[in-house]
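This is upload09.pdb. It holds PDB, C-alpha atoms.
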ATOM      1  CA  MET A   1     140.322 155.956 -37.684  1.00  0.00           C
ATOM      2  CA  PRO A   2     138.469 152.991 -39.205  1.00  0.00           C
ATOM      3  CA  ALA A   3     138.680 149.807 -37.131  1.00  0.00           C
ATOM      4  CA  PRO A   4     140.891 147.812 -39.566  1.00  0.00           C
ATOM      5  CA  LEU A   5     143.392 150.664 -39.767  1.00  0.00           C
ATOM      6  CA  LEU A   6     143.381 151.078 -35.998  1.00  0.00           C
ATOM      7  CA  THR A   7     143.945 147.349 -35.526  1.00  0.00           C
ATOM      8  CA  ALA A   8     146.854 147.391 -37.965  1.00  0.00           C
ATOM      9  CA  ALA A   9     148.361 150.466 -36.275  1.00  0.00           C
ATOM     10  CA  MET A  10     148.024 149.151 -32.688  1.00  0.00           C
ATOM     11  CA  PRO A  11     151.667 147.997 -32.291  1.00  0.00           C
ATOM     12  CA  LEU A  12     152.973 151.321 -33.571  1.00  0.00           C
ATOM     13  CA  VAL A  13     150.549 153.306 -31.405  1.00  0.00           C
ATOM     14  CA  GLY A  14     151.521 151.162 -28.393  1.00  0.00           C
ATOM     15  CA  LYS A  15     155.200 152.047 -28.887  1.00  0.00           C
ATOM     16  CA  LEU A  16     154.275 155.707 -29.277  1.00  0.00           C
ATOM     17  CA  ILE A  17     152.311 155.620 -26.017  1.00  0.00           C
ATOM     18  CA  ASP A  18     155.319 154.064 -24.257  1.00  0.00           C
ATOM     19  CA  ARG A  19     157.474 157.004 -25.406  1.00  0.00           C
ATOM     20  CA  VAL A  20     154.912 159.713 -24.637  1.00  0.00           C
ATOM     21  CA  PHE A  21     154.014 158.355 -21.175  1.00  0.00           C
ATOM     22  CA  PRO A  22     157.178 157.661 -19.177  1.00  0.00           C
ATOM     23  CA  ASP A  23     155.053 156.433 -16.241  1.00  0.00           C
ATOM     24  CA  LYS A  24     154.271 152.736 -16.783  1.00  0.00           C
ATOM     25  CA  GLU A  25     150.872 153.022 -15.073  1.00  0.00           C
ATOM     26  CA  ALA A  26     149.790 155.979 -17.242  1.00  0.00           C
ATOM     27  CA  ALA A  27     150.991 154.172 -20.378  1.00  0.00           C
ATOM     28  CA  ALA A  28     149.051 151.041 -19.420  1.00  0.00           C
ATOM     29  CA  LYS A  29     145.934 153.143 -18.795  1.00  0.00           C
ATOM     30  CA  ALA A  30     146.291 154.876 -22.192  1.00  0.00           C
ATOM     31  CA  LYS A  31     146.755 151.514 -23.925  1.00  0.00           C
ATOM     32  CA  ALA A  32     143.684 150.121 -22.162  1.00  0.00           C
ATOM     33  CA  GLU A  33     141.611 153.109 -23.298  1.00  0.00           C
ATOM     34  CA  LEU A  34     142.901 152.728 -26.843  1.00  0.00           C
ATOM     35  CA  PHE A  35     142.050 149.018 -26.779  1.00  0.00           C
ATOM     36  CA  GLN A  36     138.558 149.849 -25.510  1.00  0.00           C
ATOM     37  CA  MET A  37     138.124 152.398 -28.309  1.00  0.00           C
ATOM     38  CA  GLU A  38     139.121 149.720 -30.810  1.00  0.00           C
ATOM     39  CA  GLN A  39     136.657 147.250 -29.294  1.00  0.00           C
ATOM     40  CA  ASP A  40     133.859 149.848 -29.303  1.00  0.00           C
ATOM     41  CA  GLY A  41     134.562 150.612 -32.965  1.00  0.00           C
ATOM     42  CA  ASP A  42     134.475 146.944 -33.899  1.00  0.00           C
ATOM     43  CA  LEU A  43     131.251 146.443 -31.988  1.00  0.00           C
ATOM     44  CA  LYS A  44     129.679 149.484 -33.624  1.00  0.00           C
ATOM     45  CA  GLU A  45     130.737 148.251 -37.076  1.00  0.00           C
ATOM     46  CA  MET A  46     129.257 144.820 -36.353  1.00  0.00           C
ATOM     47  CA  GLU A  47     126.058 146.467 -35.091  1.00  0.00           C
ATOM     48  CA  VAL A  48     125.733 148.445 -38.331  1.00  0.00           C
ATOM     49  CA  GLN A  49     126.264 145.299 -40.426  1.00  0.00           C
ATOM     50  CA  MET A  50     123.699 143.327 -38.436  1.00  0.00           C
ATOM     51  CA  SER A  51     121.123 146.119 -38.639  1.00  0.00           C
ATOM     52  CA  ALA A  52     121.555 146.185 -42.428  1.00  0.00           C
ATOM     53  CA  ILE A  53     120.927 142.429 -42.624  1.00  0.00           C
ATOM     54  CA  VAL A  54     117.866 142.679 -40.362  1.00  0.00           C
ATOM     55  CA  MET A  55     116.545 145.651 -42.334  1.00  0.00           C
ATOM     56  CA  GLU A  56     116.894 143.720 -45.602  1.00  0.00           C
ATOM     57  CA  ALA A  57     115.184 140.649 -44.138  1.00  0.00           C
ATOM     58  CA  GLN A  58     112.259 142.762 -42.904  1.00  0.00           C
ATOM     59  CA  SER A  59     111.861 144.551 -46.219  1.00  0.00           C
ATOM     60  CA  LYS A  60     108.364 144.573 -47.694  1.00  0.00           C
ATOM     61  CA  ASP A  61     109.837 144.505 -51.206  1.00  0.00           C
ATOM     62  CA  PRO A  62     109.549 140.877 -52.397  1.00  0.00           C
ATOM     63  CA  TRP A  63     112.553 141.223 -54.721  1.00  0.00           C
ATOM     64  CA  THR A  64     114.743 142.388 -51.857  1.00  0.00           C
ATOM     65  CA  SER A  65     113.676 139.730 -49.413  1.00  0.00           C
ATOM     66  CA  ARG A  66     113.766 136.836 -51.945  1.00  0.00           C
ATOM     67  CA  ALA A  67     116.642 137.598 -54.313  1.00  0.00           C
ATOM     68  CA  ARG A  68     119.520 136.314 -52.220  1.00  0.00           C
ATOM     69  CA  PRO A  69     117.677 133.229 -50.901  1.00  0.00           C
ATOM     70  CA  SER A  70     116.518 132.328 -54.427  1.00  0.00           C
ATOM     71  CA  PHE A  71     120.066 132.489 -55.749  1.00  0.00           C
ATOM     72  CA  LEU A  72     121.286 130.361 -52.836  1.00  0.00           C
ATOM     73  CA  TYR A  73     118.542 127.785 -53.464  1.00  0.00           C
ATOM     74  CA  VAL A  74     119.845 127.330 -56.996  1.00  0.00           C
ATOM     75  CA  VAL A  75     123.364 126.823 -55.658  1.00  0.00           C
ATOM     76  CA  TYR A  76     122.065 124.382 -53.019  1.00  0.00           C
ATOM     77  CA  ILE A  77     120.250 122.353 -55.680  1.00  0.00           C
ATOM     78  CA  ILE A  78     123.413 122.108 -57.755  1.00  0.00           C
ATOM     79  CA  ILE A  79     125.425 121.009 -54.717  1.00  0.00           C
ATOM     80  CA  LEU A  80     122.788 118.532 -53.555  1.00  0.00           C
ATOM     81  CA  THR A  81     122.676 117.031 -57.033  1.00  0.00           C
ATOM     82  CA  ALA A  82     126.141 115.684 -56.258  1.00  0.00           C
ATOM     83  CA  LEU A  83     124.615 113.121 -53.867  1.00  0.00           C
ATOM     84  CA  PRO A  84     122.523 111.215 -56.403  1.00  0.00           C
ATOM     85  CA  MET A  85     125.306 111.640 -58.960  1.00  0.00           C
ATOM     86  CA  GLY A  86     127.673 109.933 -56.514  1.00  0.00           C
ATOM     87  CA  LEU A  87     125.253 107.036 -56.168  1.00  0.00           C
ATOM     88  CA  LEU A  88     124.723 106.906 -59.922  1.00  0.00           C
ATOM     89  CA  SER A  89     128.473 106.793 -60.495  1.00  0.00           C
ATOM     90  CA  ALA A  90     128.707 103.826 -58.100  1.00  0.00           C
ATOM     91  CA  ILE A  91     125.929 101.978 -59.922  1.00  0.00           C
ATOM     92  CA  SER A  92     126.631 103.044 -63.490  1.00  0.00           C
ATOM     93  CA  PRO A  93     129.836 105.049 -63.983  1.00  0.00           C
ATOM     94  CA  ASP A  94     129.238 105.424 -67.723  1.00  0.00           C
ATOM     95  CA  THR A  95     125.778 106.954 -67.171  1.00  0.00           C
ATOM     96  CA  ALA A  96     127.088 109.322 -64.476  1.00  0.00           C
ATOM     97  CA  SER A  97     129.908 110.378 -66.771  1.00  0.00           C
ATOM     98  CA  ALA A  98     127.447 110.980 -69.619  1.00  0.00           C
ATOM     99  CA  VAL A  99     125.206 113.099 -67.336  1.00  0.00           C
ATOM    100  CA  ALA A 100     128.200 115.141 -66.132  1.00  0.00           C
ATOM    101  CA  ASP A 101     129.398 115.605 -69.717  1.00  0.00           C
ATOM    102  CA  GLY A 102     125.912 116.696 -70.745  1.00  0.00           C
ATOM    103  CA  PHE A 103     125.717 119.210 -67.894  1.00  0.00           C
ATOM    104  CA  GLU A 104     129.153 120.537 -68.792  1.00  0.00           C
ATOM    105  CA  ALA A 105     128.105 120.844 -72.453  1.00  0.00           C
ATOM    106  CA  TRP A 106     124.895 122.609 -71.410  1.00  0.00           C
ATOM    107  CA  LEU A 107     126.867 125.173 -69.365  1.00  0.00           C
ATOM    108  CA  ALA A 108     129.419 125.564 -72.170  1.00  0.00           C
ATOM    109  CA  ALA A 109     126.557 126.284 -74.608  1.00  0.00           C
ATOM    110  CA  ILE A 110     125.786 129.499 -72.723  1.00  0.00           C
ATOM    111  CA  PRO A 111     127.627 132.276 -74.603  1.00  0.00           C
ATOM    112  CA  GLU A 112     130.505 133.951 -72.801  1.00  0.00           C
ATOM    113  CA  GLU A 113     128.745 137.295 -73.164  1.00  0.00           C
ATOM    114  CA  MET A 114     125.789 135.966 -71.148  1.00  0.00           C
ATOM    115  CA  TRP A 115     128.100 135.008 -68.278  1.00  0.00           C
ATOM    116  CA  GLY A 116     129.603 138.491 -68.445  1.00  0.00           C
ATOM    117  CA  LEU A 117     126.175 140.071 -68.463  1.00  0.00           C
ATOM    118  CA  PHE A 118     125.121 137.959 -65.491  1.00  0.00           C
ATOM    119  CA  GLY A 119     128.267 138.966 -63.597  1.00  0.00           C
ATOM    120  CA  VAL A 120     127.792 142.658 -64.313  1.00  0.00           C
ATOM    121  CA  GLY A 121     124.102 142.471 -63.418  1.00  0.00           C
ATOM    122  CA  TYR A 122     124.721 140.586 -60.201  1.00  0.00           C
ATOM    123  CA  LEU A 123     127.560 142.891 -59.136  1.00  0.00           C
ATOM    124  CA  GLY A 124     125.395 145.896 -60.012  1.00  0.00           C
ATOM    125  CA  TYR A 125     122.560 144.512 -57.912  1.00  0.00           C
ATOM    126  CA  VAL A 126     124.859 143.816 -54.959  1.00  0.00           C
ATOM    127  CA  GLY A 127     126.486 147.244 -55.242  1.00  0.00           C
ATOM    128  CA  GLY A 128     123.135 148.991 -55.537  1.00  0.00           C
ATOM    129  CA  ARG A 129     121.733 147.143 -52.520  1.00  0.00           C
ATOM    130  CA  SER A 130     124.836 147.968 -50.483  1.00  0.00           C
ATOM    131  CA  TYR A 131     124.510 151.631 -51.394  1.00  0.00           C
ATOM    132  CA  ASP A 132     120.790 151.623 -50.515  1.00  0.00           C
ATOM    133  CA  LYS A 133     121.417 149.930 -47.177  1.00  0.00           C
ATOM    134  CA  ARG A 134     124.194 152.374 -46.313  1.00  0.00           C
ATOM    135  CA  LYS A 135     121.962 155.321 -47.121  1.00  0.00           C
ATOM    136  CA  MET A 136     119.084 153.838 -45.109  1.00  0.00           C
ATOM    137  CA  LEU A 137     121.385 153.310 -42.134  1.00  0.00           C
ATOM    138  CA  GLU A 138     122.668 156.869 -42.347  1.00  0.00           C
ATOM    139  CA  VAL A 139     119.103 158.166 -42.372  1.00  0.00           C
ATOM    140  CA  ASN A 140     118.087 155.914 -39.478  1.00  0.00           C
ATOM    141  CA  ASN A 141     121.175 156.813 -37.442  1.00  0.00           C
ATOM    142  CA  GLY A 142     120.671 160.537 -38.057  1.00  0.00           C
ATOM    143  CA  LYS A 143     123.802 161.188 -40.082  1.00  0.00           C
TER
END

Rewrite the coordinates I just gave you, this time as structure tokens.
Amino acid sequence: MPAPLLTAAMPLVGKLIDRVFPDKEAAAKAKAELFQMEQDGDLKEMEVQMSAIVMEAQSKDPWTSRARPSFLYVVYIIILTALPMGLLSAISPDTASAVADGFEAWLAAIPEEMWGLFGVGYLGYVGGRSYDKRKMLEVNNGK
């Protein structure tokens, strides 16, 4: 059973164990083993996720190793631009407002279809990378 399903089913399984095992000590032992199985599953899932991240970071393919950081750098630049804009708005609110309006107009000038294309392309890239990583993990884990 996948870890999230097992976690969600724990209260029900605990009640079932109480009914199946009339001895309190045996029921407690069964619950402890079930809890350990859940923990082992969660740890294994986390291990698989971490190995995928490490594998991607160690990739020799420059597109793979730079795509996500490059996208984040663009987001960071946009966020960090808020600092000088805050100062500019304190010094000259009209200028800051004009800059913000210009940026908004620049983003609005991008056709809706381009945003859709970007979204589809980005989701396709993320989905394709996830599929590749899963396949690589299966090969490396001997599945």

Here atom CA of Gly102 of chain A and atom CA of Leu87 of chain A stand apart by 17.5 Å

For each of A:Val126, A:Ile91, A:Leu117, A:Ala100, take the minimum atom-to-atom distance to Ile78 of chain A, counting only C-alpha atoms, then give the residue where this is smallest. A:Ala100

Where's the centre, and what are the edge lengths in Å to one decimal, of a box along x, y and z enclosing all listed atoms of segment 96-106 of chain A padded 8 Å per side, as JSON?
{"center_x": 127.4, "center_y": 116.0, "center_z": -68.5, "size_x": 21.0, "size_y": 29.3, "size_z": 24.0}

Quick one, how far is atom CA of Leu123 of chain A from atom CA of Ser70 of chain A?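 Atom CA of Ser70 of chain A lies 16.0 Å from atom CA of Leu123 of chain A.
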
To one decimal place, how far is atom CA of Gly86 of chain A from atom CA of Val99 of chain A in Å?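 Atom CA of Gly86 of chain A sits 11.5 Å away from atom CA of Val99 of chain A.
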
Since fewer atoms than expected are present, regenerate N, CA and C atoms for segment 103-114 of chain A and write them as a PDB file, keeping the file's coordinate frame.
ATOM      1  N   PHE A 103     125.854 117.985 -68.686  1.00  0.00           N
ATOM      2  CA  PHE A 103     125.717 119.210 -67.894  1.00  0.00           C
ATOM      3  C   PHE A 103     126.814 120.205 -68.243  1.00  0.00           C
ATOM      4  N   GLU A 104     128.034 119.684 -68.399  1.00  0.00           N
ATOM      5  CA  GLU A 104     129.153 120.537 -68.792  1.00  0.00           C
ATOM      6  C   GLU A 104     128.913 121.153 -70.173  1.00  0.00           C
ATOM      7  N   ALA A 105     128.397 120.342 -71.101  1.00  0.00           N
ATOM      8  CA  ALA A 105     128.105 120.844 -72.453  1.00  0.00           C
ATOM      9  C   ALA A 105     126.992 121.881 -72.408  1.00  0.00           C
ATOM     10  N   TRP A 106     126.001 121.656 -71.541  1.00  0.00           N
ATOM     11  CA  TRP A 106     124.895 122.609 -71.410  1.00  0.00           C
ATOM     12  C   TRP A 106     125.409 123.949 -70.898  1.00  0.00           C
ATOM     13  N   LEU A 107     126.290 123.924 -69.882  1.00  0.00           N
ATOM     14  CA  LEU A 107     126.867 125.173 -69.365  1.00  0.00           C
ATOM     15  C   LEU A 107     127.773 125.831 -70.401  1.00  0.00           C
ATOM     16  N   ALA A 108     128.521 125.024 -71.147  1.00  0.00           N
ATOM     17  CA  ALA A 108     129.419 125.564 -72.170  1.00  0.00           C
ATOM     18  C   ALA A 108     128.641 126.177 -73.326  1.00  0.00           C
ATOM     19  N   ALA A 109     127.378 125.743 -73.509  1.00  0.00           N
ATOM     20  CA  ALA A 109     126.557 126.284 -74.608  1.00  0.00           C
ATOM     21  C   ALA A 109     126.093 127.713 -74.318  1.00  0.00           C
ATOM     22  N   ILE A 110     126.169 128.123 -73.063  1.00  0.00           N
ATOM     23  CA  ILE A 110     125.786 129.499 -72.723  1.00  0.00           C
ATOM     24  C   ILE A 110     126.904 130.413 -73.207  1.00  0.00           C
ATOM     25  N   PRO A 111     126.582 131.400 -74.050  1.00  0.00           N
ATOM     26  CA  PRO A 111     127.627 132.276 -74.603  1.00  0.00           C
ATOM     27  C   PRO A 111     128.383 133.024 -73.502  1.00  0.00           C
ATOM     28  N   GLU A 112     129.637 133.240 -73.754  1.00  0.00           N
ATOM     29  CA  GLU A 112     130.505 133.951 -72.801  1.00  0.00           C
ATOM     30  C   GLU A 112     129.935 135.320 -72.442  1.00  0.00           C
ATOM     31  N   GLU A 113     129.326 135.974 -73.404  1.00  0.00           N
ATOM     32  CA  GLU A 113     128.745 137.295 -73.164  1.00  0.00           C
ATOM     33  C   GLU A 113     127.630 137.230 -72.122  1.00  0.00           C
ATOM     34  N   MET A 114     126.868 136.117 -72.133  1.00  0.00           N
ATOM     35  CA  MET A 114     125.789 135.966 -71.148  1.00  0.00           C
ATOM     36  C   MET A 114     126.349 135.847 -69.731  1.00  0.00           C
TER      37      MET A 114
END
